[in-house]
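Visitor: Structure below; questions to follow.
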Amino acid sequence: MDIGFIGLGHMGQAIVANLVKAGHTVRVWNRSPEPVQEAARAGAIAAGSPAVAFAGDAVFSMLADDDAVREVIVASGALAQASEGLIHVNM
């Protein structure tokens with residue numbers, strides 16, 4: 001499955017690692033670059049923007065609060081660019 005993941009705190013990084021180990025393609029984005037680089041070393045693909053993370057079959061977002069969700073997912077245009085049928089799981 002082609003999965004996007006936005007928000008790479010401790011829990012997000014652990015979930016991404018398990019998704020990669022399970023054989024999924026995982027595109028990751030985070031507001032700070034260091035967690036993205038760490039996930040890429042583990043086999044994930046660095047996404048240049050939230051919209052790139054929304055380009056697959058499903059996307060998980062694990063952001064700090066509702067304001068962060070609005071900024072990263074709605075205001076950035078990522079959600080508007082999502083393909084029909086995409087599943088978004090906001091954690």
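Identifiers in the structure tokens: chain A, B, ... in order shown; residue index from 1 per chain; ligand index from 1 in order shown.
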From a DSSP pass on the backbone, collect the residues of chain A flagged as helix (DSSP H, G or I) and hand them back as a ChimeraX atom specification.
Guide: /A:10-21,33-41,50-53,66-75,78-81
Visitor: Applying 12 Å and only C-alpha atoms, which residues near A:Asp65 remain after dropping the ones on its own chain fewer than 5 positions away? List them as a tab-separated table (two decimals) with N, CA, C and O atoms, in the first residue's frame.
Guide:
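Full text of around14.tsv as output:
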chain	number	residue	atom	x	y	z
A	7	GLY	N	3.76	14.12	10.40
A	7	GLY	CA	3.94	14.28	11.84
A	7	GLY	C	4.77	13.15	12.42
A	7	GLY	O	4.26	12.05	12.61
A	70	ARG	N	-5.12	22.29	10.71
A	70	ARG	CA	-5.64	23.27	9.75
A	70	ARG	C	-4.52	23.88	8.91
A	70	ARG	O	-4.66	24.02	7.69
A	71	GLU	N	-3.42	24.21	9.55
A	71	GLU	CA	-2.30	24.83	8.83
A	71	GLU	C	-1.66	23.87	7.84
A	71	GLU	O	-1.47	24.19	6.67
A	72	VAL	N	-1.31	22.68	8.30
A	72	VAL	CA	-0.54	21.74	7.50
A	72	VAL	C	-1.38	21.04	6.44
A	72	VAL	O	-0.92	20.81	5.32
A	73	ILE	N	-2.62	20.71	6.76
A	73	ILE	CA	-3.42	19.89	5.86
A	73	ILE	C	-4.42	20.71	5.04
A	73	ILE	O	-4.57	20.49	3.85
A	90	ASN	N	-6.70	11.00	10.80
A	90	ASN	CA	-6.13	12.05	11.65
A	90	ASN	C	-6.01	11.49	13.05
A	90	ASN	O	-7.03	11.20	13.69
A	91	MET	N	-4.81	11.35	13.51
A	91	MET	CA	-4.60	10.76	14.83
A	91	MET	C	-4.37	11.87	15.82
A	91	MET	O	-3.85	11.79	16.82
Visitor: Return the single residue from A:Ala64, A:Val28, A:Val89, A:Glu38 that is closest to A:Ala51, with distances computed using only C-alpha atoms.
Guide: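 Of all the options, A:Val28 lies closest to A:Ala51.
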Visitor: Rounded to one decimal, what separation in Å do you get between atom CA of A:Thr25 and atom CA of A:Asp2?
Guide: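 Computing it gives 4.9 Å between the two atoms.
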Visitor: Could you check the closest approach to A:Gly85 for each of A:Leu8, A:Leu19, A:Ala58, A:Val26 and tell me which residue wins, using only C-alpha atoms?
Guide: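 The closest residue to A:Gly85 is A:Ala58.
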Visitor: Would you mind listing what lies within 12 Å of stretch 76-78 of chain A as a ChimeraX atom specification, with only C-alpha atoms counted and same-chain residues fewer than 2 positions away left out?
Guide: /A:4,6,29,48-55,59,61,68-74,80-83,86,88
Visitor: Apply DSSP to the structure's backbone, then extract all residues of stretch 26-79 of chain A labelled strand (DSSP E or B) and return them as JSON, numbers by chain.
Guide: {"A": [26, 27, 28, 29, 45, 46, 58, 59, 60, 61]}
Visitor: One decimal, in Å: what's the spacing between atom CA of A:Pro33 and atom CA of A:Leu63?
Guide: 14.9 Å
Visitor: Which residues, written as a ChimeraX atom specification, have at least one atom at most 8 Å from A:Val16, with only C-alpha atoms counted and residues fewer than 3 positions away on the same chain left out?
Guide: /A:5,12-13,19-20,26,39,44
Visitor: Export N, CA and C atoms of the chosen residues as a CSV table (one decimal), in the first residue's frame?
Guide:
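Wrote out-v3.csv, looks like this:
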chain,number,residue,atom,x,y,z
A,5,PHE,N,2.6,9.8,5.6
A,5,PHE,CA,2.5,10.0,7.1
A,5,PHE,C,3.1,11.4,7.4
A,12,GLY,N,4.8,8.7,15.9
A,12,GLY,CA,4.8,8.7,14.5
A,12,GLY,C,6.0,8.0,13.9
A,13,GLN,N,7.2,8.2,14.4
A,13,GLN,CA,8.3,7.5,13.9
A,13,GLN,C,8.2,6.0,14.1
A,19,LEU,N,5.4,0.4,9.5
A,19,LEU,CA,4.8,0.3,8.1
A,19,LEU,C,5.9,0.0,7.1
A,20,VAL,N,7.0,0.5,7.2
A,20,VAL,CA,8.1,0.2,6.3
A,20,VAL,C,8.5,-1.2,6.4
A,26,VAL,N,6.1,4.3,2.1
A,26,VAL,CA,5.7,5.3,3.1
A,26,VAL,C,6.4,6.6,2.8
A,39,ALA,N,13.6,8.9,9.3
A,39,ALA,CA,12.7,7.9,8.7
A,39,ALA,C,13.2,7.5,7.3
A,44,ALA,N,11.8,5.0,4.6
A,44,ALA,CA,10.7,5.8,4.1
A,44,ALA,C,11.2,6.8,3.0
Visitor: Which of these residues is nearest to A:Ser32, using only C-alpha atoms: A:Met11, A:Ala46, A:Asn18, A:Ile87?
Guide: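 Ranked by minimum distance to A:Ser32, first place goes to A:Ala46.
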Visitor: When you count only C-alpha atoms, which of these residues is closest to A:Met62: A:Met1, A:Ala17, A:Gly23, A:Asn30?
Guide: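 Of A:Met1, A:Ala17, A:Gly23, A:Asn30, the one nearest A:Met62 is A:Asn30, counting only C-alpha atoms.
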